[in-house]
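Below is one structure; the comments refer to it alone.
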Amino acid sequence: MNKKRVIKERAKKDKTFSVKERSKIHRQRKKKYYEDLERRVEELEEENKKLKASIQAISKMSPTNDLLTKLQQEEDFMYCVLPKIVTQNPDQFRMSMYETCRDAEGPYGSLRIQVIKDSFRKIIDNLMPLNFKVLLAAFSHVETKKLFDMARDKIRNDRILSKYYRAHTRNQDTVNKCEEGTEKRCRNRYFIESTFYKYPFSEAVISCWSKVSYRTKKFCFTMRKLVKNLLKIRNQMLNEMKDIHNCFFEAKMYESYSKQDLINFSALCNEFKGTEIIEPSYLYELENKSSDDEKYQDAEISPTES
């Protein structure tokens, strides 16, 4: 039954009803149509939320894992696949294949550098929990005693908060006139103070905070100092890797490789692959941490890390 015939039969059937009845039927159809549309919109919105959540979950997964996989693939290609190509299909081998792998996984390869940078960033991001990050920011901008006073009494803080916001508005011109480089700090201090004013805590919590405030502040600033030292070490590593990369180029090391040299060097490296000789704890002469001692000493590494 074609569409035109269905429409004609429906129109013929509608003529048997009065105008009032037809209007009622029309309203019911229209209502059902919009209800179906709304339901479909809700279903699509829910599906969209789930998809967005899945995308966010995937995006939150460390990109370092993907880079590590790519780096491992480049190394496998360099030391396993390329030698086979040279041996079995020498006519298909091009030196550019080797150069591409070298530029990705070499001592200053683009993939290796990106993995190192992302790994250090991941360490820094996860070094402290969110509450200690907040405390470090607060300690860096506001005196400790003032922080406790702001979080002590709700009734008083509600009153002070309104005064503070008025003062903040009046002082906005002052913020804008801050010396170059300090405007951001002024704005952040106002944000920290106004936020701490919003959420007062019980006297018991304030008392506990007061007892550990010195140790907490010391911990936060020590971690900041250690992060700076960590970045200094990272940068020193990168600079050394760049220097040896340049040294090899200046000595024309890569240009001296023949096809047989590539085969032999890959075979040599594969002999060491998987042995304890190139495991981090042995290779870098790291000490194994004693299971009885809770704290780490010097260059110790736990068995699970080695």
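Letters A, B, ... mark the chains of the structure tokens in the order given; residue numbers begin at 1 per chain; ligand numbers begin at 1, in order shown.
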
For this session: Identify, on the basis of only C-alpha atoms, every residue whose closest approach to A:Ser281 does not exceed 12 Å; exclude the query and any residue fewer than 3 positions from it along the same chain; express the result as a VMD selection string.
Result: chain A and resid 276 to 278 284 to 289 299 to 306

With C-alpha atoms retained, export the selected residues as an mmCIF file, in the first residue's frame.
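Result file result-v9.cif:
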data_model
loop_
_atom_site.group_PDB
_atom_site.id
_atom_site.type_symbol
_atom_site.label_atom_id
_atom_site.label_comp_id
_atom_site.auth_asym_id
_atom_site.auth_seq_id
_atom_site.Cartn_x
_atom_site.Cartn_y
_atom_site.Cartn_z
ATOM 1 C CA GLU A 276 69.247 -8.480 34.327
ATOM 2 C CA ILE A 277 72.374 -6.717 33.067
ATOM 3 C CA ILE A 278 70.289 -3.882 31.580
ATOM 4 C CA TYR A 284 72.385 2.372 37.135
ATOM 5 C CA GLU A 285 73.891 0.780 40.290
ATOM 6 C CA LEU A 286 70.851 1.447 42.464
ATOM 7 C CA GLU A 287 70.542 -0.018 45.951
ATOM 8 C CA ASN A 288 67.633 -2.300 46.775
ATOM 9 C CA LYS A 289 65.406 -0.968 49.531
ATOM 10 C CA ALA A 299 69.416 5.991 45.719
ATOM 11 C CA GLU A 300 67.357 3.046 46.949
ATOM 12 C CA ILE A 301 64.769 1.353 44.765
ATOM 13 C CA SER A 302 62.144 -1.176 45.811
ATOM 14 C CA PRO A 303 62.152 -4.655 44.184
ATOM 15 C CA THR A 304 58.843 -3.941 42.434
ATOM 16 C CA GLU A 305 60.398 -0.928 40.665
ATOM 17 C CA SER A 306 63.514 -2.657 39.437
#

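Excluding A:Ser140 itself and any same-chain residue fewer than 6 positions from it, the protein and nucleic acid residues within 10 Å of it, counting only C-alpha atoms, are Val134, Arg185, Arg189, Lys217, Cys220 and Phe221 of chain A.
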
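Taking only C-alpha atoms into account, A:Asn239 lies nearest to A:Tyr108 out of the set A:Tyr214, A:Tyr108, A:Phe265, A:Phe93.
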
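When only C-alpha atoms are used to compute distances to A:Met150, the closest of the residues A:Arg102, A:Lys242, A:Arg29, A:Lys198 turns out to be A:Lys198.
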
For this session: Run DSSP on the backbone and grab whatever in stretch 44-286 of chain A lands in helix (DSSP H, G or I); send it over as an MDAnalysis selection string.
Result: chainID A and resid 44:60 63:88 90:92 95:105 110:125 130:141 144:150 154:170 172:176 183:198 203:250 254:256 259:272 276:278 280:283

Exercise. Which polymer residues have any atom within 12 Å of an atom of A:Leu238, counting only C-alpha atoms, with same-chain residues fewer than 5 positions away left out, as a PyMOL selection string?
Worked result: chain A and resi 107-110+112-117+120+231-233+243-245

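Nearest residue to A:Ser213 among A:Phe272, A:Phe249, A:Tyr257, A:Phe148 is A:Phe148, counting only C-alpha atoms.
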